[in-house]
Every structure is written in C-alpha cells, then in structure tokens.
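Colleague: Attaching a single structure in structure tokens format; questions to follow.
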Amino acid sequence: MADDVARFASELATVAGVGGVFYALKSFKKSESDSKQAELSEMMKNSIEVLRLFSESIIPQIGKCQEVYLDMYESSFLEYQQIVFEKEGKRIEHLPPELKSATELECKIKAEYIGIFNQLEQVCAYISNDLIIDDVVYPTVHSVFIRFCDRHDDLLNHLTKDSTPYKHVHDVLYKWKRKSDRQMLEKQKEDVDKKLAKLK
C-alpha cells in the first residue's frame, strides 16, 4: 500500500512536472510572439518615420536645392559665355566638358545638396540595419532615392571620404539598385513571355 501511494505520488509529480514544462513552453511562445509583435510594431514606426522624412523634408529640399542649383549654374554659364565673347568674339552654347563638370559640382555644393545626403545617411542607417519594413518603404521611395543619387553621383563621390564615408547611403543604393534592376528584368521577361504565348 505504501509503495502504491509512493508510486502514485511520483506519477503525480511527473505529471505536474510535464504540465509545468508545457505551461513554461506556452508562456515562452507567447512571450516570444509578444516580442516579435513588439519588434514588428517598432519596425513599422520606423518605416512610417522614414516615409515622413522623405515626404516632409527630403523631397521638398531636393526641389529647393534644384532651383538654387539651376539659377547658380545658369549665372556661371552666362558669366563664362560673356568672358569668351569678349576675348574671342564668339558666343558659346555649352561649357567645355571639364569646366562643365567642375561648375556643376561647385554649384551643387553651394546649393547645399550636402544637407540632403546627410539626411539620407541617417535614414539609410535604419534601412541598411533592417530596422524598417522594406516592403513598406522601398515601393514608395526607392525611385526617388536612386534617381537622386545617380543624378548627383559626382557630389556623392566627392563627399565620400574616410571621415564621411556615407556607408549607409552606398549600402542602400547598391541593394535597391540591384532589386530595382531585377524587378525591371522580371517585368520585361513577363512581357516577353506573354507575347510569345500569343504567337503559339
């Protein structure tokens, strides 16, 4: 009888132990789920903040800098055009290539495009460190970002130094350009496949 009681008590302890393990696992999974949900929520907040910065700050600033840049470049061109006319008696239509590149870079610096790249570096830190939801941010702003960096790659290369490497801008630009190119090729392939299917 004593042995039966002892065995029964042991079985109860085992069942209780298993129950405790299941409860612990269930609690852990819930905690893990809550943790993932909290992480996802934080990533969504970061994504919204990135989109807000593009919408309210970066894109408007690009427009303002572009206006300043065009005015400055035109003034520089007209000034050089006048100098050439006075010296050689001819009116040029374009700046010489080397002078054109140097003038463009100088005007971009004076137009404060640097401020935009500084903002982009901060924003890209979130993106390159996977602190945002790429499917939320990429479709909305990737074309603006890529187009801006490509259009002003001379300034970006000029600014990129050991002290200011713009690492995150370069990382995101590389990643998003590859993704954009892949999507474009996939779309082209899809269009070709559809046309081929119609010819069968």
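To be explicit about the labels: the chains of the structure tokens are called A, B, and onward in the order shown, and within each one the residues are counted from 1, while ligands get numbers from 1 in the order they are shown.
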Residues within 9 Å of region 132-134 of chain A, please, as a list in words. Count only C-alpha atoms; anything in the same chain fewer than 3 positions from it doesn't count.

Modeller: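 Those residues are Leu40, Glu42, Met43, Met44, Lys45, Asn46, Ser47, Ile48, Val50, Tyr126, Ile127, Ser128, Asn129, Val137, Tyr138 and Pro139 of chain A.
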
Colleague: Now that the selection is made, can you save its residues with N, CA and C atoms as an mmCIF file, in the first residue's frame?

Modeller:
```cif
data_model
loop_
_atom_site.group_PDB
_atom_site.id
_atom_site.type_symbol
_atom_site.label_atom_id
_atom_site.label_comp_id
_atom_site.auth_asym_id
_atom_site.auth_seq_id
_atom_site.Cartn_x
_atom_site.Cartn_y
_atom_site.Cartn_z
ATOM 1 N N LEU A 40 8.038 44.054 -34.600
ATOM 2 C CA LEU A 40 7.374 44.412 -35.849
ATOM 3 C C LEU A 40 6.718 45.786 -35.746
ATOM 4 N N GLU A 42 7.679 48.220 -33.816
ATOM 5 C CA GLU A 42 8.746 49.228 -33.816
ATOM 6 C C GLU A 42 9.266 49.452 -35.234
ATOM 7 N N MET A 43 9.386 48.376 -35.996
ATOM 8 C CA MET A 43 9.838 48.492 -37.384
ATOM 9 C C MET A 43 8.833 49.278 -38.225
ATOM 10 N N MET A 44 7.554 49.079 -37.942
ATOM 11 C CA MET A 44 6.529 49.827 -38.663
ATOM 12 C C MET A 44 6.616 51.313 -38.323
ATOM 13 N N LYS A 45 6.854 51.621 -37.055
ATOM 14 C CA LYS A 45 7.015 53.019 -36.647
ATOM 15 C C LYS A 45 8.209 53.645 -37.369
ATOM 16 N N ASN A 46 9.303 52.896 -37.440
ATOM 17 C CA ASN A 46 10.490 53.392 -38.141
ATOM 18 C C ASN A 46 10.201 53.606 -39.624
ATOM 19 N N SER A 47 9.442 52.688 -40.201
ATOM 20 C CA SER A 47 9.096 52.791 -41.622
ATOM 21 C C SER A 47 8.275 54.048 -41.889
ATOM 22 N N ILE A 48 7.307 54.286 -41.030
ATOM 23 C CA ILE A 48 6.465 55.474 -41.174
ATOM 24 C C ILE A 48 7.297 56.743 -41.008
ATOM 25 N N VAL A 50 10.511 57.079 -41.679
ATOM 26 C CA VAL A 50 11.327 57.230 -42.889
ATOM 27 C C VAL A 50 10.501 57.840 -44.022
ATOM 28 N N TYR A 126 18.718 53.276 -40.827
ATOM 29 C CA TYR A 126 17.573 52.441 -40.461
ATOM 30 C C TYR A 126 17.376 51.326 -41.485
ATOM 31 N N ILE A 127 17.513 51.687 -42.755
ATOM 32 C CA ILE A 127 17.238 50.723 -43.825
ATOM 33 C C ILE A 127 18.309 49.641 -43.880
ATOM 34 N N SER A 128 19.573 50.045 -43.862
ATOM 35 C CA SER A 128 20.660 49.075 -44.004
ATOM 36 C C SER A 128 20.796 48.173 -42.783
ATOM 37 N N ASN A 129 20.305 48.629 -41.636
ATOM 38 C CA ASN A 129 20.360 47.813 -40.422
ATOM 39 C C ASN A 129 19.063 47.040 -40.177
ATOM 40 N N VAL A 137 8.644 50.591 -47.189
ATOM 41 C CA VAL A 137 9.443 51.758 -47.565
ATOM 42 C C VAL A 137 9.878 51.721 -49.031
ATOM 43 N N TYR A 138 10.413 50.593 -49.467
ATOM 44 C CA TYR A 138 11.007 50.500 -50.802
ATOM 45 C C TYR A 138 10.071 50.918 -51.937
ATOM 46 N N PRO A 139 8.848 50.380 -52.022
ATOM 47 C CA PRO A 139 7.999 50.726 -53.173
ATOM 48 C C PRO A 139 7.709 52.220 -53.290
#
```

Colleague: Just list the residues in region 25-195 of chain A DSSP gives alpha helix (DSSP H) on the backbone, as number ranges by chain.

Modeller: A: 25-53, 59-88, 97-110, 113-128, 134-151, 153-159, 167-195

Colleague: CA of Lys110 (chain A) and CA of Leu155 (chain A) are how many Å apart?

Modeller: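 Calculated distance between CA of Lys110 (chain A) and CA of Leu155 (chain A) is 11.3 Å.
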
Colleague: Which residue out of A:Met184, A:Cys124, A:Val144, A:Leu131 has the minimum interatomic distance to Ser41 (chain A) when only C-alpha atoms are used?

Modeller: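 For Ser41 (chain A), the nearest of the given residues is A:Leu131.
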
Colleague: If you count only C-alpha atoms, which residues fall within 12 Å of region 70-78 of chain A, apart from same-chain ones fewer than 5 positions away, as a PDB file with all heavy atoms, in the first residue's frame?

Modeller:
```
ATOM      1  N   GLY A  63      13.732  69.647 -54.213  1.00  0.00           N
ATOM      2  CA  GLY A  63      13.157  70.640 -55.118  1.00  0.00           C
ATOM      3  C   GLY A  63      13.763  72.022 -54.927  1.00  0.00           C
ATOM      4  O   GLY A  63      14.086  72.710 -55.902  1.00  0.00           O
ATOM      5  N   LYS A  64      13.944  72.422 -53.670  1.00  0.00           N
ATOM      6  CA  LYS A  64      14.512  73.745 -53.384  1.00  0.00           C
ATOM      7  C   LYS A  64      15.962  73.833 -53.847  1.00  0.00           C
ATOM      8  O   LYS A  64      16.379  74.830 -54.447  1.00  0.00           O
ATOM      9  CB  LYS A  64      14.417  74.034 -51.884  1.00  0.00           C
ATOM     10  CG  LYS A  64      13.001  74.241 -51.381  1.00  0.00           C
ATOM     11  CD  LYS A  64      12.974  74.465 -49.874  1.00  0.00           C
ATOM     12  CE  LYS A  64      11.545  74.638 -49.370  1.00  0.00           C
ATOM     13  NZ  LYS A  64      11.506  74.797 -47.886  1.00  0.00           N
ATOM     14  N   CYS A  65      16.733  72.789 -53.552  1.00  0.00           N
ATOM     15  CA  CYS A  65      18.140  72.782 -53.965  1.00  0.00           C
ATOM     16  C   CYS A  65      18.266  72.806 -55.482  1.00  0.00           C
ATOM     17  O   CYS A  65      19.173  73.444 -56.031  1.00  0.00           O
ATOM     18  CB  CYS A  65      18.853  71.550 -53.402  1.00  0.00           C
ATOM     19  SG  CYS A  65      19.155  71.615 -51.619  1.00  0.00           S
ATOM     20  N   ILE A  83      32.695  86.151 -70.934  1.00  0.00           N
ATOM     21  CA  ILE A  83      34.162  86.232 -70.953  1.00  0.00           C
ATOM     22  C   ILE A  83      34.705  85.754 -72.298  1.00  0.00           C
ATOM     23  O   ILE A  83      35.582  86.387 -72.903  1.00  0.00           O
ATOM     24  CB  ILE A  83      34.761  85.394 -69.803  1.00  0.00           C
ATOM     25  CG1 ILE A  83      34.425  86.031 -68.449  1.00  0.00           C
ATOM     26  CG2 ILE A  83      36.272  85.257 -69.964  1.00  0.00           C
ATOM     27  CD1 ILE A  83      34.830  85.195 -67.254  1.00  0.00           C
ATOM     28  N   VAL A  84      34.183  84.622 -72.771  1.00  0.00           N
ATOM     29  CA  VAL A  84      34.626  84.070 -74.056  1.00  0.00           C
ATOM     30  C   VAL A  84      34.284  85.026 -75.196  1.00  0.00           C
ATOM     31  O   VAL A  84      35.088  85.246 -76.113  1.00  0.00           O
ATOM     32  CB  VAL A  84      33.983  82.690 -74.307  1.00  0.00           C
ATOM     33  CG1 VAL A  84      34.276  82.202 -75.730  1.00  0.00           C
ATOM     34  CG2 VAL A  84      34.484  81.674 -73.288  1.00  0.00           C
ATOM     35  N   PHE A  85      33.107  85.619 -75.129  1.00  0.00           N
ATOM     36  CA  PHE A  85      32.679  86.540 -76.184  1.00  0.00           C
ATOM     37  C   PHE A  85      33.589  87.767 -76.240  1.00  0.00           C
ATOM     38  O   PHE A  85      33.968  88.234 -77.324  1.00  0.00           O
ATOM     39  CB  PHE A  85      31.233  86.971 -75.953  1.00  0.00           C
ATOM     40  CG  PHE A  85      30.705  87.907 -76.995  1.00  0.00           C
ATOM     41  CD1 PHE A  85      30.337  87.436 -78.251  1.00  0.00           C
ATOM     42  CD2 PHE A  85      30.591  89.271 -76.733  1.00  0.00           C
ATOM     43  CE1 PHE A  85      29.861  88.305 -79.224  1.00  0.00           C
ATOM     44  CE2 PHE A  85      30.118  90.140 -77.700  1.00  0.00           C
ATOM     45  CZ  PHE A  85      29.748  89.656 -78.946  1.00  0.00           C
ATOM     46  N   ARG A  91      30.106  83.412 -79.401  1.00  0.00           N
ATOM     47  CA  ARG A  91      29.172  83.080 -78.321  1.00  0.00           C
ATOM     48  C   ARG A  91      29.020  81.557 -78.234  1.00  0.00           C
ATOM     49  O   ARG A  91      28.548  80.921 -79.175  1.00  0.00           O
ATOM     50  CB  ARG A  91      27.814  83.734 -78.581  1.00  0.00           C
ATOM     51  CG  ARG A  91      26.869  83.674 -77.384  1.00  0.00           C
ATOM     52  CD  ARG A  91      25.682  84.598 -77.590  1.00  0.00           C
ATOM     53  NE  ARG A  91      26.088  85.987 -77.682  1.00  0.00           N
ATOM     54  CZ  ARG A  91      26.331  86.762 -76.624  1.00  0.00           C
ATOM     55  NH1 ARG A  91      26.234  86.263 -75.398  1.00  0.00           N
ATOM     56  NH2 ARG A  91      26.680  88.020 -76.790  1.00  0.00           N
ATOM     57  N   ILE A  92      29.441  81.004 -77.120  1.00  0.00           N
ATOM     58  CA  ILE A  92      29.373  79.553 -76.933  1.00  0.00           C
ATOM     59  C   ILE A  92      27.979  79.143 -76.459  1.00  0.00           C
ATOM     60  O   ILE A  92      27.248  79.934 -75.857  1.00  0.00           O
ATOM     61  CB  ILE A  92      30.423  79.068 -75.917  1.00  0.00           C
ATOM     62  CG1 ILE A  92      30.162  79.697 -74.535  1.00  0.00           C
ATOM     63  CG2 ILE A  92      31.833  79.358 -76.397  1.00  0.00           C
ATOM     64  CD1 ILE A  92      30.998  79.101 -73.425  1.00  0.00           C
ATOM     65  N   GLU A  93      27.611  77.899 -76.766  1.00  0.00           N
ATOM     66  CA  GLU A  93      26.311  77.366 -76.362  1.00  0.00           C
ATOM     67  C   GLU A  93      26.418  76.446 -75.150  1.00  0.00           C
ATOM     68  O   GLU A  93      25.441  76.221 -74.441  1.00  0.00           O
ATOM     69  CB  GLU A  93      25.677  76.593 -77.527  1.00  0.00           C
ATOM     70  CG  GLU A  93      25.392  77.449 -78.755  1.00  0.00           C
ATOM     71  CD  GLU A  93      24.372  78.537 -78.466  1.00  0.00           C
ATOM     72  OE1 GLU A  93      23.489  78.322 -77.601  1.00  0.00           O
ATOM     73  OE2 GLU A  93      24.455  79.608 -79.104  1.00  0.00           O
ATOM     74  N   HIS A  94      27.629  75.916 -74.937  1.00  0.00           N
ATOM     75  CA  HIS A  94      27.825  74.982 -73.822  1.00  0.00           C
ATOM     76  C   HIS A  94      29.195  75.222 -73.205  1.00  0.00           C
ATOM     77  O   HIS A  94      30.120  75.691 -73.875  1.00  0.00           O
ATOM     78  CB  HIS A  94      27.737  73.525 -74.293  1.00  0.00           C
ATOM     79  CG  HIS A  94      26.481  73.206 -75.041  1.00  0.00           C
ATOM     80  ND1 HIS A  94      25.266  73.039 -74.418  1.00  0.00           N
ATOM     81  CD2 HIS A  94      26.254  73.043 -76.373  1.00  0.00           C
ATOM     82  CE1 HIS A  94      24.342  72.770 -75.320  1.00  0.00           C
ATOM     83  NE2 HIS A  94      24.917  72.770 -76.519  1.00  0.00           N
ATOM     84  N   LEU A  95      29.319  74.865 -71.945  1.00  0.00           N
ATOM     85  CA  LEU A  95      30.622  74.917 -71.293  1.00  0.00           C
ATOM     86  C   LEU A  95      31.472  73.747 -71.772  1.00  0.00           C
ATOM     87  O   LEU A  95      30.940  72.672 -72.068  1.00  0.00           O
ATOM     88  CB  LEU A  95      30.464  74.827 -69.770  1.00  0.00           C
ATOM     89  CG  LEU A  95      29.817  76.009 -69.047  1.00  0.00           C
ATOM     90  CD1 LEU A  95      29.679  75.695 -67.559  1.00  0.00           C
ATOM     91  CD2 LEU A  95      30.633  77.277 -69.238  1.00  0.00           C
ATOM     92  N   PRO A  96      32.784  73.921 -71.834  1.00  0.00           N
ATOM     93  CA  PRO A  96      33.665  72.789 -72.144  1.00  0.00           C
ATOM     94  C   PRO A  96      33.455  71.684 -71.106  1.00  0.00           C
ATOM     95  O   PRO A  96      33.176  71.977 -69.937  1.00  0.00           O
ATOM     96  CB  PRO A  96      35.072  73.393 -72.029  1.00  0.00           C
ATOM     97  CG  PRO A  96      34.873  74.853 -72.222  1.00  0.00           C
ATOM     98  CD  PRO A  96      33.529  75.174 -71.655  1.00  0.00           C
ATOM     99  N   LEU A  99      35.181  71.972 -67.626  1.00  0.00           N
ATOM    100  CA  LEU A  99      34.668  73.126 -66.893  1.00  0.00           C
ATOM    101  C   LEU A  99      33.216  72.897 -66.487  1.00  0.00           C
ATOM    102  O   LEU A  99      32.792  73.310 -65.399  1.00  0.00           O
ATOM    103  CB  LEU A  99      34.787  74.388 -67.751  1.00  0.00           C
ATOM    104  CG  LEU A  99      34.315  75.691 -67.099  1.00  0.00           C
ATOM    105  CD1 LEU A  99      35.091  75.964 -65.814  1.00  0.00           C
ATOM    106  CD2 LEU A  99      34.458  76.861 -68.065  1.00  0.00           C
ATOM    107  N   LYS A 100      32.467  72.235 -67.339  1.00  0.00           N
ATOM    108  CA  LYS A 100      31.064  71.928 -67.041  1.00  0.00           C
ATOM    109  C   LYS A 100      30.964  71.057 -65.785  1.00  0.00           C
ATOM    110  O   LYS A 100      30.165  71.333 -64.883  1.00  0.00           O
ATOM    111  CB  LYS A 100      30.415  71.212 -68.221  1.00  0.00           C
ATOM    112  CG  LYS A 100      28.938  70.873 -68.031  1.00  0.00           C
ATOM    113  CD  LYS A 100      28.383  70.249 -69.308  1.00  0.00           C
ATOM    114  CE  LYS A 100      26.887  69.991 -69.192  1.00  0.00           C
ATOM    115  NZ  LYS A 100      26.573  68.941 -68.198  1.00  0.00           N
ATOM    116  N   SER A 101      31.791  70.018 -65.719  1.00  0.00           N
ATOM    117  CA  SER A 101      31.769  69.120 -64.561  1.00  0.00           C
ATOM    118  C   SER A 101      32.151  69.854 -63.284  1.00  0.00           C
ATOM    119  O   SER A 101      31.508  69.691 -62.238  1.00  0.00           O
ATOM    120  CB  SER A 101      32.724  67.939 -64.788  1.00  0.00           C
ATOM    121  OG  SER A 101      32.312  67.170 -65.892  1.00  0.00           O
ATOM    122  N   ALA A 102      33.194  70.668 -63.377  1.00  0.00           N
ATOM    123  CA  ALA A 102      33.659  71.414 -62.206  1.00  0.00           C
ATOM    124  C   ALA A 102      32.612  72.428 -61.754  1.00  0.00           C
ATOM    125  O   ALA A 102      32.379  72.613 -60.551  1.00  0.00           O
ATOM    126  CB  ALA A 102      34.973  72.118 -62.523  1.00  0.00           C
ATOM    127  N   THR A 103      31.966  73.079 -62.724  1.00  0.00           N
ATOM    128  CA  THR A 103      30.941  74.075 -62.402  1.00  0.00           C
ATOM    129  C   THR A 103      29.723  73.416 -61.772  1.00  0.00           C
ATOM    130  O   THR A 103      29.146  73.929 -60.803  1.00  0.00           O
ATOM    131  CB  THR A 103      30.518  74.841 -63.670  1.00  0.00           C
ATOM    132  OG1 THR A 103      31.665  75.464 -64.251  1.00  0.00           O
ATOM    133  CG2 THR A 103      29.484  75.910 -63.337  1.00  0.00           C
ATOM    134  N   GLU A 104      29.319  72.277 -62.315  1.00  0.00           N
ATOM    135  CA  GLU A 104      28.183  71.547 -61.752  1.00  0.00           C
ATOM    136  C   GLU A 104      28.453  71.166 -60.302  1.00  0.00           C
ATOM    137  O   GLU A 104      27.587  71.346 -59.429  1.00  0.00           O
ATOM    138  CB  GLU A 104      27.911  70.289 -62.582  1.00  0.00           C
ATOM    139  CG  GLU A 104      27.274  70.570 -63.928  1.00  0.00           C
ATOM    140  CD  GLU A 104      27.095  69.313 -64.759  1.00  0.00           C
ATOM    141  OE1 GLU A 104      27.720  68.282 -64.423  1.00  0.00           O
ATOM    142  OE2 GLU A 104      26.333  69.363 -65.740  1.00  0.00           O
ATOM    143  N   LEU A 105      29.639  70.644 -60.045  1.00  0.00           N
ATOM    144  CA  LEU A 105      29.984  70.227 -58.685  1.00  0.00           C
ATOM    145  C   LEU A 105      30.010  71.417 -57.735  1.00  0.00           C
ATOM    146  O   LEU A 105      29.463  71.353 -56.622  1.00  0.00           O
ATOM    147  CB  LEU A 105      31.341  69.521 -58.684  1.00  0.00           C
ATOM    148  CG  LEU A 105      31.827  68.988 -57.330  1.00  0.00           C
ATOM    149  CD1 LEU A 105      30.828  67.992 -56.754  1.00  0.00           C
ATOM    150  CD2 LEU A 105      33.205  68.354 -57.477  1.00  0.00           C
ATOM    151  N   GLU A 106      30.612  72.502 -58.178  1.00  0.00           N
ATOM    152  CA  GLU A 106      30.686  73.701 -57.344  1.00  0.00           C
ATOM    153  C   GLU A 106      29.289  74.236 -57.018  1.00  0.00           C
ATOM    154  O   GLU A 106      29.001  74.606 -55.872  1.00  0.00           O
ATOM    155  CB  GLU A 106      31.499  74.784 -58.057  1.00  0.00           C
ATOM    156  CG  GLU A 106      31.647  76.064 -57.242  1.00  0.00           C
ATOM    157  CD  GLU A 106      32.396  77.151 -57.989  1.00  0.00           C
ATOM    158  OE1 GLU A 106      32.711  76.948 -59.178  1.00  0.00           O
ATOM    159  OE2 GLU A 106      32.654  78.210 -57.388  1.00  0.00           O
ATOM    160  N   CYS A 107      28.419  74.254 -58.015  1.00  0.00           N
ATOM    161  CA  CYS A 107      27.059  74.760 -57.806  1.00  0.00           C
ATOM    162  C   CYS A 107      26.256  73.842 -56.886  1.00  0.00           C
ATOM    163  O   CYS A 107      25.443  74.312 -56.081  1.00  0.00           O
ATOM    164  CB  CYS A 107      26.346  74.925 -59.144  1.00  0.00           C
ATOM    165  SG  CYS A 107      26.999  76.270 -60.174  1.00  0.00           S
ATOM    166  N   LYS A 108      26.481  72.541 -56.990  1.00  0.00           N
ATOM    167  CA  LYS A 108      25.778  71.598 -56.122  1.00  0.00           C
ATOM    168  C   LYS A 108      26.202  71.776 -54.663  1.00  0.00           C
ATOM    169  O   LYS A 108      25.375  71.691 -53.751  1.00  0.00           O
ATOM    170  CB  LYS A 108      26.037  70.159 -56.585  1.00  0.00           C
ATOM    171  CG  LYS A 108      25.327  69.797 -57.872  1.00  0.00           C
ATOM    172  CD  LYS A 108      25.665  68.391 -58.338  1.00  0.00           C
ATOM    173  CE  LYS A 108      24.985  68.084 -59.666  1.00  0.00           C
ATOM    174  NZ  LYS A 108      25.274  66.714 -60.152  1.00  0.00           N
ATOM    175  N   ILE A 109      27.482  72.024 -54.470  1.00  0.00           N
ATOM    176  CA  ILE A 109      27.977  72.255 -53.106  1.00  0.00           C
ATOM    177  C   ILE A 109      27.365  73.534 -52.538  1.00  0.00           C
ATOM    178  O   ILE A 109      26.881  73.562 -51.400  1.00  0.00           O
ATOM    179  CB  ILE A 109      29.515  72.338 -53.095  1.00  0.00           C
ATOM    180  CG1 ILE A 109      30.115  70.973 -53.444  1.00  0.00           C
ATOM    181  CG2 ILE A 109      30.019  72.805 -51.730  1.00  0.00           C
ATOM    182  CD1 ILE A 109      31.616  70.986 -53.637  1.00  0.00           C
ATOM    183  N   LYS A 110      27.363  74.589 -53.340  1.00  0.00           N
ATOM    184  CA  LYS A 110      26.810  75.866 -52.886  1.00  0.00           C
ATOM    185  C   LYS A 110      25.296  75.801 -52.698  1.00  0.00           C
ATOM    186  O   LYS A 110      24.738  76.523 -51.875  1.00  0.00           O
ATOM    187  CB  LYS A 110      27.170  76.971 -53.883  1.00  0.00           C
ATOM    188  CG  LYS A 110      28.648  77.333 -53.885  1.00  0.00           C
ATOM    189  CD  LYS A 110      28.937  78.455 -54.864  1.00  0.00           C
ATOM    190  CE  LYS A 110      30.404  78.853 -54.830  1.00  0.00           C
ATOM    191  NZ  LYS A 110      30.715  79.936 -55.802  1.00  0.00           N
ATOM    192  N   ALA A 111      24.641  74.939 -53.466  1.00  0.00           N
ATOM    193  CA  ALA A 111      23.186  74.788 -53.341  1.00  0.00           C
ATOM    194  C   ALA A 111      22.803  73.930 -52.135  1.00  0.00           C
ATOM    195  O   ALA A 111      21.621  73.716 -51.875  1.00  0.00           O
ATOM    196  CB  ALA A 111      22.610  74.175 -54.614  1.00  0.00           C
ATOM    197  N   GLU A 112      23.811  73.426 -51.430  1.00  0.00           N
ATOM    198  CA  GLU A 112      23.626  72.676 -50.175  1.00  0.00           C
ATOM    199  C   GLU A 112      22.951  71.318 -50.372  1.00  0.00           C
ATOM    200  O   GLU A 112      22.148  70.876 -49.541  1.00  0.00           O
ATOM    201  CB  GLU A 112      22.862  73.518 -49.148  1.00  0.00           C
ATOM    202  CG  GLU A 112      23.602  74.796 -48.772  1.00  0.00           C
ATOM    203  CD  GLU A 112      22.913  75.573 -47.665  1.00  0.00           C
ATOM    204  OE1 GLU A 112      21.812  75.165 -47.248  1.00  0.00           O
ATOM    205  OE2 GLU A 112      23.482  76.590 -47.225  1.00  0.00           O
TER     206      GLU A 112
END
```

Colleague: Rounded to one decimal place, report the CA of Asp162 (chain A)-CA of Tyr174 (chain A) distance in Å.

Modeller: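 Atom-to-atom, CA of Asp162 (chain A) and CA of Tyr174 (chain A) are spaced 18.8 Å apart.
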
Colleague: I'd like to know which of A:Lys36, A:Lys187, A:Lys177, A:Lys200 is closest to Ser143 (chain A), using only C-alpha atoms.

Modeller: A:Lys177

Colleague: Leu156 (chain A): which residues within 12 Å, counting only C-alpha atoms, same-chain residues fewer than 6 positions away excluded, as a PDB file with N, CA and C atoms, in the first residue's frame?

Modeller:
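File produced: around-v1.pdb:
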```
ATOM      1  N   LEU A 105      29.639  70.644 -60.045  1.00  0.00           N
ATOM      2  CA  LEU A 105      29.984  70.227 -58.685  1.00  0.00           C
ATOM      3  C   LEU A 105      30.010  71.417 -57.735  1.00  0.00           C
ATOM      4  N   LYS A 108      26.481  72.541 -56.990  1.00  0.00           N
ATOM      5  CA  LYS A 108      25.778  71.598 -56.122  1.00  0.00           C
ATOM      6  C   LYS A 108      26.202  71.776 -54.663  1.00  0.00           C
ATOM      7  N   ILE A 109      27.482  72.024 -54.470  1.00  0.00           N
ATOM      8  CA  ILE A 109      27.977  72.255 -53.106  1.00  0.00           C
ATOM      9  C   ILE A 109      27.365  73.534 -52.538  1.00  0.00           C
ATOM     10  N   TYR A 113      23.298  70.664 -51.460  1.00  0.00           N
ATOM     11  CA  TYR A 113      22.864  69.276 -51.625  1.00  0.00           C
ATOM     12  C   TYR A 113      23.474  68.377 -50.548  1.00  0.00           C
ATOM     13  N   ILE A 114      24.564  68.848 -49.958  1.00  0.00           N
ATOM     14  CA  ILE A 114      25.229  68.065 -48.916  1.00  0.00           C
ATOM     15  C   ILE A 114      24.261  67.768 -47.773  1.00  0.00           C
ATOM     16  N   GLY A 115      23.414  68.749 -47.461  1.00  0.00           N
ATOM     17  CA  GLY A 115      22.441  68.552 -46.387  1.00  0.00           C
ATOM     18  C   GLY A 115      21.494  67.398 -46.674  1.00  0.00           C
ATOM     19  N   ILE A 116      21.150  67.221 -47.944  1.00  0.00           N
ATOM     20  CA  ILE A 116      20.259  66.119 -48.318  1.00  0.00           C
ATOM     21  C   ILE A 116      20.970  64.783 -48.127  1.00  0.00           C
ATOM     22  N   PHE A 117      22.227  64.716 -48.552  1.00  0.00           N
ATOM     23  CA  PHE A 117      22.975  63.468 -48.379  1.00  0.00           C
ATOM     24  C   PHE A 117      23.165  63.140 -46.899  1.00  0.00           C
ATOM     25  N   ASN A 118      23.318  64.169 -46.075  1.00  0.00           N
ATOM     26  CA  ASN A 118      23.436  63.927 -44.632  1.00  0.00           C
ATOM     27  C   ASN A 118      22.139  63.338 -44.075  1.00  0.00           C
ATOM     28  N   LEU A 120      19.937  61.652 -45.837  1.00  0.00           N
ATOM     29  CA  LEU A 120      19.809  60.312 -46.409  1.00  0.00           C
ATOM     30  C   LEU A 120      20.680  59.307 -45.660  1.00  0.00           C
ATOM     31  N   GLU A 121      21.846  59.737 -45.227  1.00  0.00           N
ATOM     32  CA  GLU A 121      22.722  58.835 -44.473  1.00  0.00           C
ATOM     33  C   GLU A 121      22.046  58.401 -43.172  1.00  0.00           C
ATOM     34  N   PHE A 148      17.983  60.374 -57.362  1.00  0.00           N
ATOM     35  CA  PHE A 148      18.741  61.477 -56.767  1.00  0.00           C
ATOM     36  C   PHE A 148      20.223  61.126 -56.664  1.00  0.00           C
ATOM     37  N   CYS A 149      20.519  59.929 -56.169  1.00  0.00           N
ATOM     38  CA  CYS A 149      21.922  59.520 -56.002  1.00  0.00           C
ATOM     39  C   CYS A 149      22.630  59.396 -57.347  1.00  0.00           C
ATOM     40  N   ASP A 150      21.931  58.868 -58.346  1.00  0.00           N
ATOM     41  CA  ASP A 150      22.535  58.740 -59.675  1.00  0.00           C
ATOM     42  C   ASP A 150      22.779  60.110 -60.303  1.00  0.00           C
ATOM     43  N   THR A 164      33.881  60.834 -43.721  1.00  0.00           N
ATOM     44  CA  THR A 164      32.441  60.837 -44.028  1.00  0.00           C
ATOM     45  C   THR A 164      32.179  59.837 -45.151  1.00  0.00           C
ATOM     46  N   PRO A 165      32.177  58.555 -44.824  1.00  0.00           N
ATOM     47  CA  PRO A 165      32.080  57.532 -45.881  1.00  0.00           C
ATOM     48  C   PRO A 165      30.698  57.371 -46.502  1.00  0.00           C
ATOM     49  N   TYR A 166      29.670  57.922 -45.859  1.00  0.00           N
ATOM     50  CA  TYR A 166      28.297  57.731 -46.346  1.00  0.00           C
ATOM     51  C   TYR A 166      28.033  56.245 -46.622  1.00  0.00           C
ATOM     52  N   LYS A 167      28.480  55.438 -45.685  1.00  0.00           N
ATOM     53  CA  LYS A 167      28.398  53.982 -45.836  1.00  0.00           C
ATOM     54  C   LYS A 167      26.969  53.504 -46.056  1.00  0.00           C
ATOM     55  N   VAL A 169      24.343  55.144 -47.167  1.00  0.00           N
ATOM     56  CA  VAL A 169      23.813  55.566 -48.472  1.00  0.00           C
ATOM     57  C   VAL A 169      24.300  54.623 -49.559  1.00  0.00           C
ATOM     58  N   HIS A 170      25.595  54.325 -49.548  1.00  0.00           N
ATOM     59  CA  HIS A 170      26.158  53.423 -50.558  1.00  0.00           C
ATOM     60  C   HIS A 170      25.564  52.019 -50.439  1.00  0.00           C
ATOM     61  N   LEU A 173      21.924  52.130 -51.673  1.00  0.00           N
ATOM     62  CA  LEU A 173      21.916  52.383 -53.115  1.00  0.00           C
ATOM     63  C   LEU A 173      22.254  51.106 -53.881  1.00  0.00           C
TER      64      LEU A 173
END
```

Colleague: Between CA of Gln119 (chain A) and CA of Leu53 (chain A), what is the distance in Å, rounded to a tenth?

Modeller: 8.7 Å
